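**Q** First the structure, which I've put down as structure tokens, then a few questions once you've had a look.
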Amino acid sequence: MSKTILVILAVLLLNIFTAEAQCIISGNIIDPEGLPIPYATVLTENTDAPGLSMGVMADDKGYFCFRNVPAGNYLLTISTVGFETYTTSLKVSADEPQVNLPGIRLINSVTHIAEVFISGTRHVSEIKPAQIKYQTSALISEKGGTAGDILKNMPSVAMGGSPGHNRDIRFRGLGNAYTKVLINGREAGLTGNNRETILDQIPAGSISHIEIHSIPGAEYQSEGINGVVNIVLKENHDYGTHGQIEAIAGNFEGRGGTLALSNKTEKLNLYAQADFLHRDVPKWKEKLKTDFKNGEISQIEDAFELEERTFSNYNLRTGIDYFVRPKTKLSGEYLHGYQLEDKSKTLDFTRTDAAGNWRSAGQEIRSEYKPNSFHQFYTSVEHTFANQAKLSAKASYMTEDQEKTDEKTTYNLKKNGKYANFQPALENKYEATNGEKWLWNVQVNRLNLGRNSLILGYSGEQDSRTFKNTTEKFNYKDTAWVASSNGFDNFRVKETTHGFFVADEIKSGHFVMKGGLRFETTHTAGSGPTPAMSGSKTYGLFLPSASLIYNIDQSQYLSLNFGRRIRRPGFKDLNPFEEQKEPTKINAGNPDLKPERAWAYEAGYLKNFTGFNVGANLFYRDIHDVIQKTMTEDDNFVVTERPDNTGRARVMGYELMSTAQPFEFWQLTASYSRFDSKILTGEYAGDALKDQFKWTAKAITDIKLPGDWSVQAVANAVGPKISSTKIENTIWFADFGLEKKVLKNGSVNLRVSDVFDTLVKEKTDITDKSSNVETEYSRGRMFLVTMGWKF
């Protein structure tokens with residue numbers, strides 16, 4: 001934390017030395033879709049003294065600032081290529097010494113019906129074909145939470161992790177490996193075994209909005225069969241010195257805070273933000289495992305597990321934007337995240353025969369300590385030409401370190417519950433995953449050729465991971481720890497991808513036509529201590545994408561979308577080393593895994609009425625070389641789970657959504673989505689994909705009360721997962737938020753998660769030799785109070 005404080009102080013001192021006079025007239029310029037219009041010409045003319053005028057150029061985000069403006073009446077004029085000239089009158093006086101004009105929306109000089117977009121309520125701020133934008137500041141029921149808490153409220157989304165711990169995203173019924181998560185349009189942050197971004201590391205207070213692209217264009221990397229989620233962090237675009245302070249406290253040791261500071265001038269923008277969040281997430285499980293032999297019950301294991309778990313997250317983001325010339329910008333940014341997970345488990349189990357006669361019992365006590373961190377350095381240069389075409393070059397380097405120390409003590413118990421001996425089995429495990437990632441991109445946007453608007457570019461990525469595992473067991477005879485591993489559990493994988501892409505957009509009358517083509521080549525190499533554990537593969541793919549949008553009129557559209565996407569195997573899934581997760585469960589990797597390839601098809605319709613809108617989407621995914629976790633069980637009832645390519649599958653579904661504002665004080669968003677999957681070929685033909693849930697239903701209601709009070713209630717339900725080897729129950733929960741605006745820029749917020757304490761997860765694993773039922777509980781009614789102030 002001392003380094004974080006030093007960074008904030010450094011930015012504060014730079015703010016003092018670079019401070020300029022305040023903006024007297026300021027604002028920002030946007031297009032009909034709410035996107036910034038860069039580098040527009042802005043003029044002010046004093047109507048009390050004709051001929052006295054001043055002019056500035058808006059920056060790359062559409063913001064402008066006039067300083068040292070004397071009192072008087074003014075005519076403000078904005079002009080830029082492709083938009084109608086905008087004029088407005090304003091007055092600067094002693095009573096109103098500063099005038100701010102937020103969100104000046106310009107009108108296209110050549111209007112196509114095709115440029116209509118649909119706006120939603122406060123939280124669903126924008127809906128486009130195959131894309132939805134979520135404004136997180138309006139989700140007061142999740143304030144003080146994480147990115148996972150925000151995402152769980154989005155249509156067709158379920159979250160992975162324990163109940164109440166929203167770790168990673170499951171979109172449109174499938175597991176976390178099928179959706180790619182980006183931060184500010186690039187890969188960043190801690191990642192898990194399936195390349196998924198760990199979302200509980202990102203504080204909700206640092207997020208501006210979240211975008212979901214279900215069929216991304218060619219400029220996006222190919223990963224994400226179900227699409228791409230882009231988490232856009234908050235930025236201050238206003239000129240001058242600004243900041244934010246936030247403090248969080250709640251039950252179950254919940255506490256946190258945010259400190260942000262920025263200063264912007266015409267040439268330089270400096271910013272820094274630090275976040276801290278701590279919480280306890282205890283849970284407990286009831287387990288019932290039934291073993292079969294020759295079709296008869298041979299053994300029943302009844303177990304209870306209690307887990308105490310705490311999380312502490314620390315995040316730092318700081319950067320600089322420098323305008324070398326009015327339309328040439330250099331940027332640099334540093335991101336750092338640290339997450340500490342500390343947990344202890346106690347597992348008590350009893351084994352009986354089919355008649356209920358006692359066989360054995362035991363107690364397993366474990367403690368896990370997991371410090372995880374990442375560092376990312378990012379730099380870019382952007383230049384906008386006179387015709388608004390933009391050339392950009394970007395690069396980033398990230399390191400990631402994840403460690404786990406697992407200490408386990410196992411006692412044998414007598415029938416009366418007493419210890420059978422005083423020499424329990426002692427085992428210590430140490431795991432370390434270290435990663436390095438290079439990303440680079442060169443791209444030209446808005447290259448206008450007649451009616452065509454081209455995107456051309458090249459991107460690359462090099463990702464390497466090293467896995468190290470050490471296991472020690474205590475030998476009482478020699479009174480010494482003995483390493484049971486032999487070095488074969490150390491594995492390294494390196495992957496390099498190059499991508500070339502072109503995309504085009506044509507607008508004509510009622511139609512918008514988009515097309516793109518991406519070619520990627522990937523080389524993956526794994527290396528272990530022996531040749532049998534080493535190998536490599538290279539593959540190339542053409543990835544086309546296309547969309548056709550027909551805007552029926554100014555309020556409704558039809559869309560057809562098509563694309564090709566892939567899912568690469570998780571790095572840990574490529575690791576052949578076997579890992580014993582529990583006494584009767586082993587996880588193993590498979591270095592021969594191939595990537596999944598999918599053709600994606602979608603059709604959508606949306607209609608905007610006065611006060612509300614309704615929309616529907618149909619989607620279909622044709623997936624080849626499907627990766628499934630296959631389970632086998634030996635004669636000792638030990639289950640081994642291993643990923644394999646199992647053939648071809650299809651996923652299909654529909655989404656219904658409506659946003660409404662029946663009254664000025666009341667807003668409502670509701671969605672219902674349903675999904676279905678089926679494996680078409682291979683060993684599991686006819687079965688559903690594992691981890692595929694059936695449906696989601698969500699509703700968010702907002703009520704504005706007198707005195708600057710706001711109330712929000714959220715209801716959320718996720719349907720069951722059903723396959724021949726794994727079943728999970730339906731879960732539902734409700735959250736609540738209450739917010740009061742204080743003074744001009746302050747607020748006090750109360751958040752209650754899982755109001756009715758209903759979040760319970762029950763799952764069943766089935767093999768030909770056993771069935772295992774687990775019921776997992778967590779604490780509900782978690783309270784957080786957040787106090788914030790902006791300046």
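In the structure tokens, chains take letters A, B, ... by order of appearance, with residues numbered from 1 within each chain and ligands from 1 in the order shown.
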Using DSSP on the backbone, list every residue of region 138-329 of chain A that comes out as strand (DSSP E or B), and give them as a PyMOL selection string.
**A** chain A and resi 146+157-160+168-171+180-183+186+191+197+203+207-213+223+228-233+240-250+255-264+268-280+283-293+296-325+328-329
**Q** Do you know which residues are at most 7 Å from region 349-361 of chain A counting only C-alpha atoms, after dropping those on the same chain fewer than 4 positions away, and could you put them as number ranges by chain?
**A** A: 297-304, 412-414
**Q** Write the residues of the preceding selection, restricted to N, CA and C atoms, as a compact mmCIF listing (two decimals), in the first residue's frame.
**A**
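Ended up saving to part24.txt:
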```txt
# COMPACT_ATOMS: atom_id res chain seq x y z
N ILE A 297 -25.73 -51.10 -4.20
CA ILE A 297 -25.03 -50.12 -3.37
C ILE A 297 -23.97 -50.83 -2.56
N SER A 298 -22.73 -50.37 -2.66
CA SER A 298 -21.64 -51.00 -1.92
C SER A 298 -21.17 -50.14 -0.75
N GLN A 299 -21.34 -48.83 -0.86
CA GLN A 299 -20.86 -47.94 0.20
C GLN A 299 -21.55 -46.58 0.08
N ILE A 300 -21.78 -45.98 1.25
CA ILE A 300 -22.35 -44.63 1.31
C ILE A 300 -21.43 -43.76 2.16
N GLU A 301 -21.03 -42.63 1.60
CA GLU A 301 -20.19 -41.68 2.34
C GLU A 301 -20.98 -40.41 2.60
N ASP A 302 -21.14 -40.08 3.85
CA ASP A 302 -21.87 -38.89 4.29
C ASP A 302 -20.85 -37.90 4.86
N ALA A 303 -20.82 -36.68 4.31
CA ALA A 303 -19.78 -35.73 4.72
C ALA A 303 -20.36 -34.34 4.92
N PHE A 304 -19.68 -33.57 5.76
CA PHE A 304 -20.03 -32.17 6.00
C PHE A 304 -18.73 -31.36 5.98
N ASN A 412 -7.89 -40.42 11.08
CA ASN A 412 -8.84 -41.54 11.10
C ASN A 412 -9.60 -41.49 12.42
N LEU A 413 -10.92 -41.68 12.35
CA LEU A 413 -11.75 -41.59 13.55
C LEU A 413 -12.36 -42.95 13.87
N LYS A 414 -12.59 -43.17 15.17
CA LYS A 414 -13.29 -44.36 15.63
C LYS A 414 -14.80 -44.16 15.46
```
**Q** Any chance you could tabulate, as a tab-separated table, the residues of region 351-465 of chain A at most 10 Å from region 560-583 of chain A with each one's nearest atom pair and distance in Å to one decimal, using only C-alpha atoms, in chain and rising number order?
**A**
```
residue	atom	partner	partner_atom	distance
A:Glu364	CA	A:Pro583	CA	9.6
A:Thr433	CA	A:Lys572	CA	9.5
A:Asp463	CA	A:Phe571	CA	9.9
A:Ser464	CA	A:Phe571	CA	9.1
A:Arg465	CA	A:Phe571	CA	7.4
```
**Q** Write the residues of the preceding selection, restricted to N, CA, C and O atoms, as an mmCIF file, in the first residue's frame.
**A**
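The result, written out as selection03.cif:
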```cif
data_model
loop_
_atom_site.group_PDB
_atom_site.id
_atom_site.type_symbol
_atom_site.label_atom_id
_atom_site.label_comp_id
_atom_site.auth_asym_id
_atom_site.auth_seq_id
_atom_site.Cartn_x
_atom_site.Cartn_y
_atom_site.Cartn_z
ATOM 1 N N GLU A 364 -10.715 -34.260 7.823
ATOM 2 C CA GLU A 364 -9.668 -33.615 7.031
ATOM 3 C C GLU A 364 -9.678 -32.124 7.335
ATOM 4 O O GLU A 364 -10.706 -31.458 7.188
ATOM 5 N N THR A 433 1.783 -20.726 -10.536
ATOM 6 C CA THR A 433 1.567 -20.476 -11.961
ATOM 7 C C THR A 433 2.111 -19.098 -12.271
ATOM 8 O O THR A 433 1.661 -18.108 -11.682
ATOM 9 N N ASP A 463 1.805 -15.632 -25.248
ATOM 10 C CA ASP A 463 1.402 -15.957 -23.883
ATOM 11 C C ASP A 463 2.172 -17.184 -23.439
ATOM 12 O O ASP A 463 2.166 -18.215 -24.116
ATOM 13 N N SER A 464 2.844 -17.088 -22.298
ATOM 14 C CA SER A 464 3.568 -18.242 -21.766
ATOM 15 C C SER A 464 3.176 -18.463 -20.312
ATOM 16 O O SER A 464 2.983 -17.500 -19.556
ATOM 17 N N ARG A 465 3.040 -19.727 -19.937
ATOM 18 C CA ARG A 465 2.686 -20.104 -18.563
ATOM 19 C C ARG A 465 3.610 -21.219 -18.092
ATOM 20 O O ARG A 465 3.901 -22.147 -18.836
#
```
**Q** Could you check which of A:Gln363, A:Ser547, A:Gly175, A:Tyr601 is closest to Ile627 (chain A), using only C-alpha atoms?
**A**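 Distance minimum relative to Ile627 (chain A) lands on A:Gly175.
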**Q** Compare A:Ala713, A:Ala483, A:Ile320, A:Met782 by their minimum atom-to-atom distance to Thr471 (chain A), counting only C-alpha atoms, and give me the closest one.
**A**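 Smallest separation from Thr471 (chain A) among the options: A:Ala483.
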**Q** Write out as a Markdown table a residue-level contact list of region 201-273 of chain A versus region 334-344 of chain A with cut-off 10 Å: for each qualifying residue the closest pair of atoms and the distance in Å to one decimal, counting only C-alpha atoms, rows sorted by chain and residue number upward.
**A**
```
| residue | atom | partner | partner_atom | distance |
| --- | --- | --- | --- | --- |
| A:Gln201 | CA | A:Gln339 | CA | 6.7 |
| A:Ile202 | CA | A:Gly337 | CA | 8.5 |
| A:Ala272 | CA | A:Tyr334 | CA | 9.4 |
| A:Gln273 | CA | A:Leu335 | CA | 9.8 |
```
**Q** Okay, now the selection with N, CA, C and O atoms, as an mmCIF file, in the first residue's frame?
**A**
```
data_model
loop_
_atom_site.group_PDB
_atom_site.id
_atom_site.type_symbol
_atom_site.label_atom_id
_atom_site.label_comp_id
_atom_site.auth_asym_id
_atom_site.auth_seq_id
_atom_site.Cartn_x
_atom_site.Cartn_y
_atom_site.Cartn_z
ATOM 1 N N GLN A 201 -11.824 -9.580 -8.898
ATOM 2 C CA GLN A 201 -10.683 -8.725 -8.598
ATOM 3 C C GLN A 201 -10.954 -7.272 -8.972
ATOM 4 O O GLN A 201 -10.222 -6.373 -8.558
ATOM 5 N N ILE A 202 -12.002 -6.996 -9.796
ATOM 6 C CA ILE A 202 -12.253 -5.667 -10.338
ATOM 7 C C ILE A 202 -13.362 -4.998 -9.520
ATOM 8 O O ILE A 202 -14.497 -5.469 -9.516
ATOM 9 N N ALA A 272 -4.734 8.774 -11.646
ATOM 10 C CA ALA A 272 -4.374 7.641 -10.788
ATOM 11 C C ALA A 272 -5.593 7.255 -9.962
ATOM 12 O O ALA A 272 -6.376 8.132 -9.555
ATOM 13 N N GLN A 273 -5.753 5.957 -9.744
ATOM 14 C CA GLN A 273 -6.845 5.469 -8.909
ATOM 15 C C GLN A 273 -6.387 4.235 -8.152
ATOM 16 O O GLN A 273 -5.758 3.336 -8.716
#
```
**Q** Point out the residue among A:Trp709, A:Arg621, A:Glu223, A:Leu426 with the least atom-to-atom distance to Thr497 (chain A), counting only C-alpha atoms.
**A**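 The closest residue to Thr497 (chain A) is A:Glu223.
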**Q** Could you work out how far CA of Asn434 (chain A) lies from CA of Arg492 (chain A), giving the answer in Å with one decimal?
**A**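 Computed distance, CA of Arg492 (chain A) to CA of Asn434 (chain A), equals 9.4 Å.
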**Q** Mind giving me the straight-line distance from CA of Ser206 (chain A) to CA of Asn445 (chain A) in Å, one decimal?
**A**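 Rounded to one decimal, the two atoms are 27.7 Å apart.
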